[in-house]
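Below: coords10.cif (mmCIF, N, CA and C atoms)
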data_input
loop_
_atom_site.group_PDB
_atom_site.id
_atom_site.type_symbol
_atom_site.label_atom_id
_atom_site.label_comp_id
_atom_site.auth_asym_id
_atom_site.auth_seq_id
_atom_site.Cartn_x
_atom_site.Cartn_y
_atom_site.Cartn_z
ATOM 1 N N ALA A 9 101.353 107.574 123.521
ATOM 2 C CA ALA A 9 100.207 107.138 122.739
ATOM 3 C C ALA A 9 99.014 108.022 123.057
ATOM 4 N N LEU A 10 98.215 108.246 122.071
ATOM 5 C CA LEU A 10 96.993 109.017 122.259
ATOM 6 C C LEU A 10 95.857 108.031 122.450
ATOM 7 N N ASP A 11 95.388 107.928 123.662
ATOM 8 C CA ASP A 11 94.404 106.920 124.016
ATOM 9 C C ASP A 11 92.995 107.422 123.754
ATOM 10 N N GLY A 12 92.336 106.780 122.775
ATOM 11 C CA GLY A 12 90.966 107.147 122.456
ATOM 12 C C GLY A 12 89.959 106.492 123.366
ATOM 13 N N GLY A 13 90.395 105.503 124.143
ATOM 14 C CA GLY A 13 89.509 104.860 125.088
ATOM 15 C C GLY A 13 88.655 103.755 124.500
ATOM 16 N N ASP A 14 88.760 103.484 123.202
ATOM 17 C CA ASP A 14 87.969 102.429 122.590
ATOM 18 C C ASP A 14 88.660 101.086 122.782
ATOM 19 N N ALA A 15 87.986 100.151 123.436
ATOM 20 C CA ALA A 15 88.550 98.824 123.667
ATOM 21 C C ALA A 15 88.773 98.118 122.334
ATOM 22 N N GLY A 16 89.938 97.532 122.169
ATOM 23 C CA GLY A 16 90.235 96.770 120.967
ATOM 24 C C GLY A 16 90.740 97.599 119.795
ATOM 25 N N VAL A 17 90.743 98.921 119.930
ATOM 26 C CA VAL A 17 91.228 99.793 118.864
ATOM 27 C C VAL A 17 92.621 100.267 119.243
ATOM 28 N N PRO A 18 93.630 100.019 118.379
ATOM 29 C CA PRO A 18 94.995 100.435 118.723
ATOM 30 C C PRO A 18 95.116 101.948 118.888
ATOM 31 N N ASP A 19 95.993 102.359 119.791
ATOM 32 C CA ASP A 19 96.269 103.777 119.999
ATOM 33 C C ASP A 19 97.182 104.295 118.898
ATOM 34 N N MET A 20 97.030 105.565 118.562
ATOM 35 C CA MET A 20 97.932 106.214 117.621
ATOM 36 C C MET A 20 99.231 106.522 118.366
ATOM 37 N N THR A 21 100.363 106.120 117.785
ATOM 38 C CA THR A 21 101.651 106.339 118.428
ATOM 39 C C THR A 21 102.560 107.268 117.637
ATOM 40 N N ALA A 22 102.248 107.535 116.376
ATOM 41 C CA ALA A 22 103.059 108.435 115.549
ATOM 42 C C ALA A 22 102.191 108.980 114.423
ATOM 43 N N ALA A 23 102.504 110.198 113.991
ATOM 44 C CA ALA A 23 101.775 110.792 112.872
ATOM 45 C C ALA A 23 102.683 111.792 112.162
ATOM 46 N N ARG A 24 102.483 111.924 110.858
ATOM 47 C CA ARG A 24 103.280 112.852 110.055
ATOM 48 C C ARG A 24 102.468 113.291 108.848
ATOM 49 N N PHE A 25 102.305 114.605 108.686
ATOM 50 C CA PHE A 25 101.712 115.119 107.464
ATOM 51 C C PHE A 25 102.736 115.036 106.348
ATOM 52 N N LEU A 26 102.268 114.729 105.156
ATOM 53 C CA LEU A 26 103.135 114.697 103.989
ATOM 54 C C LEU A 26 103.243 116.116 103.427
ATOM 55 N N PRO A 27 104.285 116.393 102.645
ATOM 56 C CA PRO A 27 104.524 117.758 102.182
ATOM 57 C C PRO A 27 103.365 118.405 101.413
ATOM 58 N N ASP A 28 102.533 117.604 100.770
ATOM 59 C CA ASP A 28 101.416 118.187 100.010
ATOM 60 C C ASP A 28 100.291 118.707 100.900
ATOM 61 N N GLY A 29 100.349 118.401 102.194
ATOM 62 C CA GLY A 29 99.332 118.847 103.129
ATOM 63 C C GLY A 29 98.050 118.055 103.085
ATOM 64 N N LEU A 30 97.913 117.145 102.139
ATOM 65 C CA LEU A 30 96.697 116.327 102.010
ATOM 66 C C LEU A 30 96.903 114.905 102.513
ATOM 67 N N GLY A 31 98.144 114.464 102.567
ATOM 68 C CA GLY A 31 98.444 113.113 103.029
ATOM 69 C C GLY A 31 98.836 113.129 104.498
ATOM 70 N N LEU A 32 98.368 112.138 105.234
ATOM 71 C CA LEU A 32 98.696 111.986 106.644
ATOM 72 C C LEU A 32 99.034 110.524 106.902
ATOM 73 N N ALA A 33 100.246 110.257 107.353
ATOM 74 C CA ALA A 33 100.645 108.902 107.737
ATOM 75 C C ALA A 33 100.463 108.774 109.246
ATOM 76 N N VAL A 34 99.861 107.666 109.674
ATOM 77 C CA VAL A 34 99.584 107.427 111.090
ATOM 78 C C VAL A 34 100.061 106.026 111.444
ATOM 79 N N GLY A 35 100.843 105.914 112.515
ATOM 80 C CA GLY A 35 101.279 104.617 113.027
ATOM 81 C C GLY A 35 100.561 104.321 114.325
ATOM 82 N N ASP A 36 100.335 103.041 114.600
ATOM 83 C CA ASP A 36 99.586 102.709 115.810
ATOM 84 C C ASP A 36 100.329 101.716 116.707
ATOM 85 N N SER A 37 99.725 101.432 117.845
ATOM 86 C CA SER A 37 100.336 100.572 118.856
ATOM 87 C C SER A 37 100.392 99.107 118.434
ATOM 88 N N ALA A 38 99.691 98.735 117.376
ATOM 89 C CA ALA A 38 99.714 97.355 116.878
ATOM 90 C C ALA A 38 100.746 97.164 115.770
ATOM 91 N N GLY A 39 101.471 98.231 115.400
ATOM 92 C CA GLY A 39 102.493 98.118 114.371
ATOM 93 C C GLY A 39 101.995 98.303 112.953
ATOM 94 N N VAL A 40 100.884 98.996 112.792
ATOM 95 C CA VAL A 40 100.320 99.234 111.466
ATOM 96 C C VAL A 40 100.473 100.715 111.122
ATOM 97 N N VAL A 41 100.892 100.978 109.880
ATOM 98 C CA VAL A 41 100.974 102.340 109.362
ATOM 99 C C VAL A 41 99.846 102.505 108.349
ATOM 100 N N ARG A 42 99.087 103.571 108.512
ATOM 101 C CA ARG A 42 97.993 103.864 107.577
ATOM 102 C C ARG A 42 98.246 105.205 106.924
ATOM 103 N N LEU A 43 97.907 105.289 105.646
ATOM 104 C CA LEU A 43 98.036 106.530 104.906
ATOM 105 C C LEU A 43 96.641 107.048 104.613
ATOM 106 N N PHE A 44 96.389 108.281 105.026
ATOM 107 C CA PHE A 44 95.091 108.919 104.813
ATOM 108 C C PHE A 44 95.239 110.061 103.820
ATOM 109 N N ASP A 45 94.211 110.247 103.022
ATOM 110 C CA ASP A 45 93.993 111.474 102.277
ATOM 111 C C ASP A 45 92.990 112.217 103.146
ATOM 112 N N ILE A 46 93.347 113.386 103.642
ATOM 113 C CA ILE A 46 92.489 114.040 104.635
ATOM 114 C C ILE A 46 91.111 114.408 104.100
ATOM 115 N N ARG A 47 90.911 114.264 102.795
ATOM 116 C CA ARG A 47 89.589 114.526 102.214
ATOM 117 C C ARG A 47 88.677 113.308 102.304
ATOM 118 N N ARG A 48 89.215 112.189 102.788
ATOM 119 C CA ARG A 48 88.433 110.946 102.884
ATOM 120 C C ARG A 48 88.432 110.442 104.323
ATOM 121 N N ALA A 49 87.406 109.709 104.684
ATOM 122 C CA ALA A 49 87.276 109.217 106.056
ATOM 123 C C ALA A 49 88.090 107.952 106.319
ATOM 124 N N ALA A 50 88.269 107.136 105.293
ATOM 125 C CA ALA A 50 88.969 105.853 105.463
ATOM 126 C C ALA A 50 90.391 105.965 104.913
ATOM 127 N N PRO A 51 91.314 105.141 105.453
ATOM 128 C CA PRO A 51 92.684 105.165 104.922
ATOM 129 C C PRO A 51 92.724 104.703 103.467
ATOM 130 N N VAL A 52 93.661 105.265 102.705
ATOM 131 C CA VAL A 52 93.821 104.868 101.311
ATOM 132 C C VAL A 52 94.800 103.709 101.179
ATOM 133 N N ALA A 53 95.598 103.453 102.229
ATOM 134 C CA ALA A 53 96.547 102.342 102.217
ATOM 135 C C ALA A 53 96.936 102.008 103.650
ATOM 136 N N ALA A 54 97.415 100.775 103.849
ATOM 137 C CA ALA A 54 97.891 100.348 105.164
ATOM 138 C C ALA A 54 99.002 99.326 104.987
ATOM 139 N N ALA A 55 99.940 99.342 105.921
ATOM 140 C CA ALA A 55 101.048 98.384 105.904
ATOM 141 C C ALA A 55 101.333 97.943 107.334
ATOM 142 N N ASP A 56 101.480 96.653 107.528
ATOM 143 C CA ASP A 56 101.730 96.073 108.848
ATOM 144 C C ASP A 56 103.216 95.747 108.978
ATOM 145 N N HIS A 57 103.834 96.165 110.073
ATOM 146 C CA HIS A 57 105.237 95.830 110.321
ATOM 147 C C HIS A 57 105.409 94.352 110.693
ATOM 148 N N ASN A 58 104.334 93.685 111.036
ATOM 149 C CA ASN A 58 104.294 92.243 111.308
ATOM 150 C C ASN A 58 104.975 91.801 112.603
ATOM 151 N N TYR A 59 105.279 92.728 113.510
ATOM 152 C CA TYR A 59 105.861 92.332 114.791
ATOM 153 C C TYR A 59 104.958 92.682 115.969
ATOM 154 N N GLY A 60 103.878 93.408 115.723
ATOM 155 C CA GLY A 60 102.959 93.774 116.796
ATOM 156 C C GLY A 60 103.527 94.814 117.750
ATOM 157 N N LEU A 61 104.620 95.478 117.351
ATOM 158 C CA LEU A 61 105.240 96.493 118.194
ATOM 159 C C LEU A 61 104.738 97.875 117.778
ATOM 160 N N PRO A 62 104.604 98.791 118.732
ATOM 161 C CA PRO A 62 104.128 100.133 118.391
ATOM 162 C C PRO A 62 105.056 100.839 117.402
ATOM 163 N N ILE A 63 104.476 101.570 116.490
ATOM 164 C CA ILE A 63 105.266 102.396 115.574
ATOM 165 C C ILE A 63 105.824 103.551 116.391
ATOM 166 N N ARG A 64 107.145 103.729 116.339
ATOM 167 C CA ARG A 64 107.797 104.771 117.138
ATOM 168 C C ARG A 64 107.970 106.082 116.380
ATOM 169 N N GLY A 65 108.044 106.004 115.047
ATOM 170 C CA GLY A 65 108.250 107.233 114.311
ATOM 171 C C GLY A 65 107.947 107.085 112.833
ATOM 172 N N LEU A 66 107.721 108.232 112.204
ATOM 173 C CA LEU A 66 107.427 108.302 110.777
ATOM 174 C C LEU A 66 108.177 109.483 110.185
ATOM 175 N N ALA A 67 108.643 109.314 108.968
ATOM 176 C CA ALA A 67 109.289 110.404 108.234
ATOM 177 C C ALA A 67 108.911 110.251 106.774
ATOM 178 N N TYR A 68 109.106 111.326 106.013
ATOM 179 C CA TYR A 68 108.804 111.282 104.587
ATOM 180 C C TYR A 68 110.063 111.605 103.812
ATOM 181 N N HIS A 69 110.407 110.766 102.849
ATOM 182 C CA HIS A 69 111.550 110.989 101.975
ATOM 183 C C HIS A 69 111.018 111.552 100.669
ATOM 184 N N GLU A 70 111.253 112.851 100.444
ATOM 185 C CA GLU A 70 110.678 113.516 99.272
ATOM 186 C C GLU A 70 111.225 112.988 97.957
ATOM 187 N N GLY A 71 112.519 112.728 97.885
ATOM 188 C CA GLY A 71 113.125 112.262 96.641
ATOM 189 C C GLY A 71 112.557 110.935 96.171
ATOM 190 N N ALA A 72 112.313 110.035 97.099
ATOM 191 C CA ALA A 72 111.780 108.707 96.768
ATOM 192 C C ALA A 72 110.259 108.658 96.861
ATOM 193 N N GLU A 73 109.646 109.739 97.335
ATOM 194 C CA GLU A 73 108.211 109.761 97.604
ATOM 195 C C GLU A 73 107.812 108.523 98.394
ATOM 196 N N ALA A 74 108.518 108.329 99.515
ATOM 197 C CA ALA A 74 108.330 107.141 100.339
ATOM 198 C C ALA A 74 108.154 107.533 101.803
ATOM 199 N N ILE A 75 107.450 106.694 102.525
ATOM 200 C CA ILE A 75 107.250 106.870 103.954
ATOM 201 C C ILE A 75 108.199 105.932 104.682
ATOM 202 N N VAL A 76 108.961 106.495 105.614
ATOM 203 C CA VAL A 76 109.867 105.710 106.444
ATOM 204 C C VAL A 76 109.172 105.538 107.789
ATOM 205 N N SER A 77 109.053 104.295 108.234
ATOM 206 C CA SER A 77 108.414 104.023 109.527
ATOM 207 C C SER A 77 109.298 103.075 110.314
ATOM 208 N N TRP A 78 109.264 103.198 111.639
ATOM 209 C CA TRP A 78 110.085 102.307 112.451
ATOM 210 C C TRP A 78 109.399 101.972 113.761
ATOM 211 N N ASP A 79 109.749 100.755 114.236
ATOM 212 C CA ASP A 79 109.325 100.299 115.553
ATOM 213 C C ASP A 79 110.602 99.912 116.296
ATOM 214 N N ALA A 80 110.502 99.159 117.383
ATOM 215 C CA ALA A 80 111.682 98.797 118.172
ATOM 216 C C ALA A 80 112.564 97.770 117.471
ATOM 217 N N LYS A 81 112.063 97.112 116.439
ATOM 218 C CA LYS A 81 112.793 96.028 115.796
ATOM 219 C C LYS A 81 113.252 96.339 114.382
ATOM 220 N N VAL A 82 112.481 97.111 113.619
ATOM 221 C CA VAL A 82 112.758 97.272 112.197
ATOM 222 C C VAL A 82 112.353 98.669 111.710
ATOM 223 N N ALA A 83 113.055 99.125 110.687
ATOM 224 C CA ALA A 83 112.645 100.332 109.962
ATOM 225 C C ALA A 83 112.259 99.900 108.558
ATOM 226 N N ARG A 84 111.209 100.502 108.031
ATOM 227 C CA ARG A 84 110.741 100.147 106.690
ATOM 228 C C ARG A 84 110.577 101.394 105.842
ATOM 229 N N ILE A 85 110.855 101.233 104.563
ATOM 230 C CA ILE A 85 110.624 102.290 103.587
ATOM 231 C C ILE A 85 109.542 101.782 102.657
ATOM 232 N N SER A 86 108.453 102.530 102.577
ATOM 233 C CA SER A 86 107.290 102.106 101.803
ATOM 234 C C SER A 86 106.928 103.151 100.767
ATOM 235 N N SER A 87 106.616 102.692 99.578
ATOM 236 C CA SER A 87 106.232 103.595 98.497
ATOM 237 C C SER A 87 104.885 104.238 98.771
ATOM 238 N N ARG A 88 104.840 105.551 98.693
ATOM 239 C CA ARG A 88 103.576 106.259 98.893
ATOM 240 C C ARG A 88 102.591 105.937 97.776
ATOM 241 N N HIS A 89 103.076 105.731 96.559
ATOM 242 C CA HIS A 89 102.209 105.574 95.398
ATOM 243 C C HIS A 89 101.919 104.115 95.058
ATOM 244 N N ALA A 90 102.413 103.183 95.842
ATOM 245 C CA ALA A 90 102.141 101.764 95.577
ATOM 246 C C ALA A 90 101.463 101.131 96.780
ATOM 247 N N SER A 91 100.478 101.832 97.323
ATOM 248 C CA SER A 91 99.688 101.341 98.462
ATOM 249 C C SER A 91 100.561 100.914 99.634
ATOM 250 N N LEU A 92 101.607 101.676 99.892
ATOM 251 C CA LEU A 92 102.547 101.432 101.000
ATOM 252 C C LEU A 92 103.283 100.097 100.885
ATOM 253 N N ARG A 93 103.457 99.624 99.639
ATOM 254 C CA ARG A 93 104.251 98.410 99.445
ATOM 255 C C ARG A 93 105.660 98.679 99.958
ATOM 256 N N HIS A 94 106.176 97.726 100.750
ATOM 257 C CA HIS A 94 107.520 97.893 101.315
ATOM 258 C C HIS A 94 108.561 97.865 100.215
ATOM 259 N N ILE A 95 109.392 98.889 100.177
ATOM 260 C CA ILE A 95 110.519 98.922 99.251
ATOM 261 C C ILE A 95 111.676 98.158 99.855
ATOM 262 N N THR A 96 111.911 98.368 101.135
ATOM 263 C CA THR A 96 113.014 97.688 101.826
ATOM 264 C C THR A 96 112.741 97.645 103.318
ATOM 265 N N THR A 97 113.437 96.737 103.971
ATOM 266 C CA THR A 97 113.344 96.613 105.440
ATOM 267 C C THR A 97 114.725 96.809 106.003
#
structure tokens encoding of this file:
Amino acid sequence: ALDGGDAGVPDMTAARFLPDGLGLAVGDSAGVVRLFDIRRAAPVAAADHNYGLPIRGLAYHEGAEAIVSWDAKVARISSRHASLRHITT
């Protein structure tokens, strides 16, 4: 984890740039995945794994234009273009 030192703010545990170079998916120690457009300061979408476990990894599936994220309990596939709505668990 990359510890920013801010109390109450989850640490970043995984990150992956999307193929377009403008999208960045970030997972944190609280089990939340956020999608950023690097031209903006705030995330454009967020999805919670709902288990409170750190996100262990992120991948991008180009054919489905989906973000794959996983923690110790579950892997999720989320649509990049539908505000990270879960496609499947």
Item to check | Pick from A:Arg42, A:Arg88, A:Phe25, A:Arg48, whichever lies nearest to Ala74 in chain A using all atoms listed in the file | outcome: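 Using all atoms listed in the file, Ala74 in chain A sits closest to A:Arg88.
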Checklist entry - Between A:Ser91, A:Asn58, A:Ser77, A:Ser86, which one has atoms that come closest to Gly35 in chain A, using only C-alpha atoms? => result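 Looking at the shortest contact to Gly35 in chain A, the residue is A:Ser77.
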Item to check | One-decimal distance in Å that lies between CA of Leu61 in chain A and CA of Val40 in chain A | outcome: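 Going from CA of Val40 in chain A over to CA of Leu61 in chain A, I get 8.8 Å.
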Checklist entry - Which residue, A:His69, A:His57, A:Arg84, A:Arg47, has the smallest gap to Pro27 in chain A when you use only C-alpha atoms? => result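 Under the stated criterion, the closest residue is A:His69.
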Checklist entry - So how far away is CA of Asp45 in chain A from atom N of Arg24 in chain A, in Å? => result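 Between atom N of Arg24 in chain A and CA of Asp45 in chain A the gap is 12.1 Å.
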Next on the checklist: I'd like to know which of A:Val17, A:Ile85, A:Ile63, A:Ala23 is closest to Asp36 in chain A, using only N, CA and C atoms.
Outcome noted: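 The closest residue to Asp36 in chain A is A:Ile63.
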Item to check | Backbone DSSP call of strand (DSSP E or B) for range 12-48 of chain A, listed as a list in words | outcome: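 Matching residues, listed in order: Met20, Thr21, Ala22, Ala23, Arg24, Phe25, Gly31, Leu32, Ala33, Val34, Gly35, Asp36, Val40, Val41, Arg42, Leu43, Phe44 and Asp45 of chain A.
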Checklist entry - Pick the closest to Pro51 in chain A from A:Gly39, A:Val34, A:Leu66, A:Asp19: which is it, counting only C-alpha atoms? => result A:Val34
Checklist entry - Given the choices A:Met20, A:Leu26, A:Ala38, A:Phe44, which gets closest to Val76 in chain A if the distance is worked out from only C-alpha atoms? => result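 Ranked by minimum distance to Val76 in chain A, first place goes to A:Leu26.
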Next on the checklist: Rounded to one decimal, what separation in Å do you get between atom C of Pro18 in chain A and atom N of Ser37 in chain A?
Outcome noted: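 Going from atom C of Pro18 in chain A over to atom N of Ser37 in chain A, I get 4.8 Å.
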Six-sided padding of 3 Å per side, axis-aligned box over range 15-34 of chain A, centre and edges in Å, one decimal, as JSON:
{"center_x": 96.3, "center_y": 107.8, "center_z": 111.8, "size_x": 22.5, "size_y": 28.1, "size_z": 29.7}
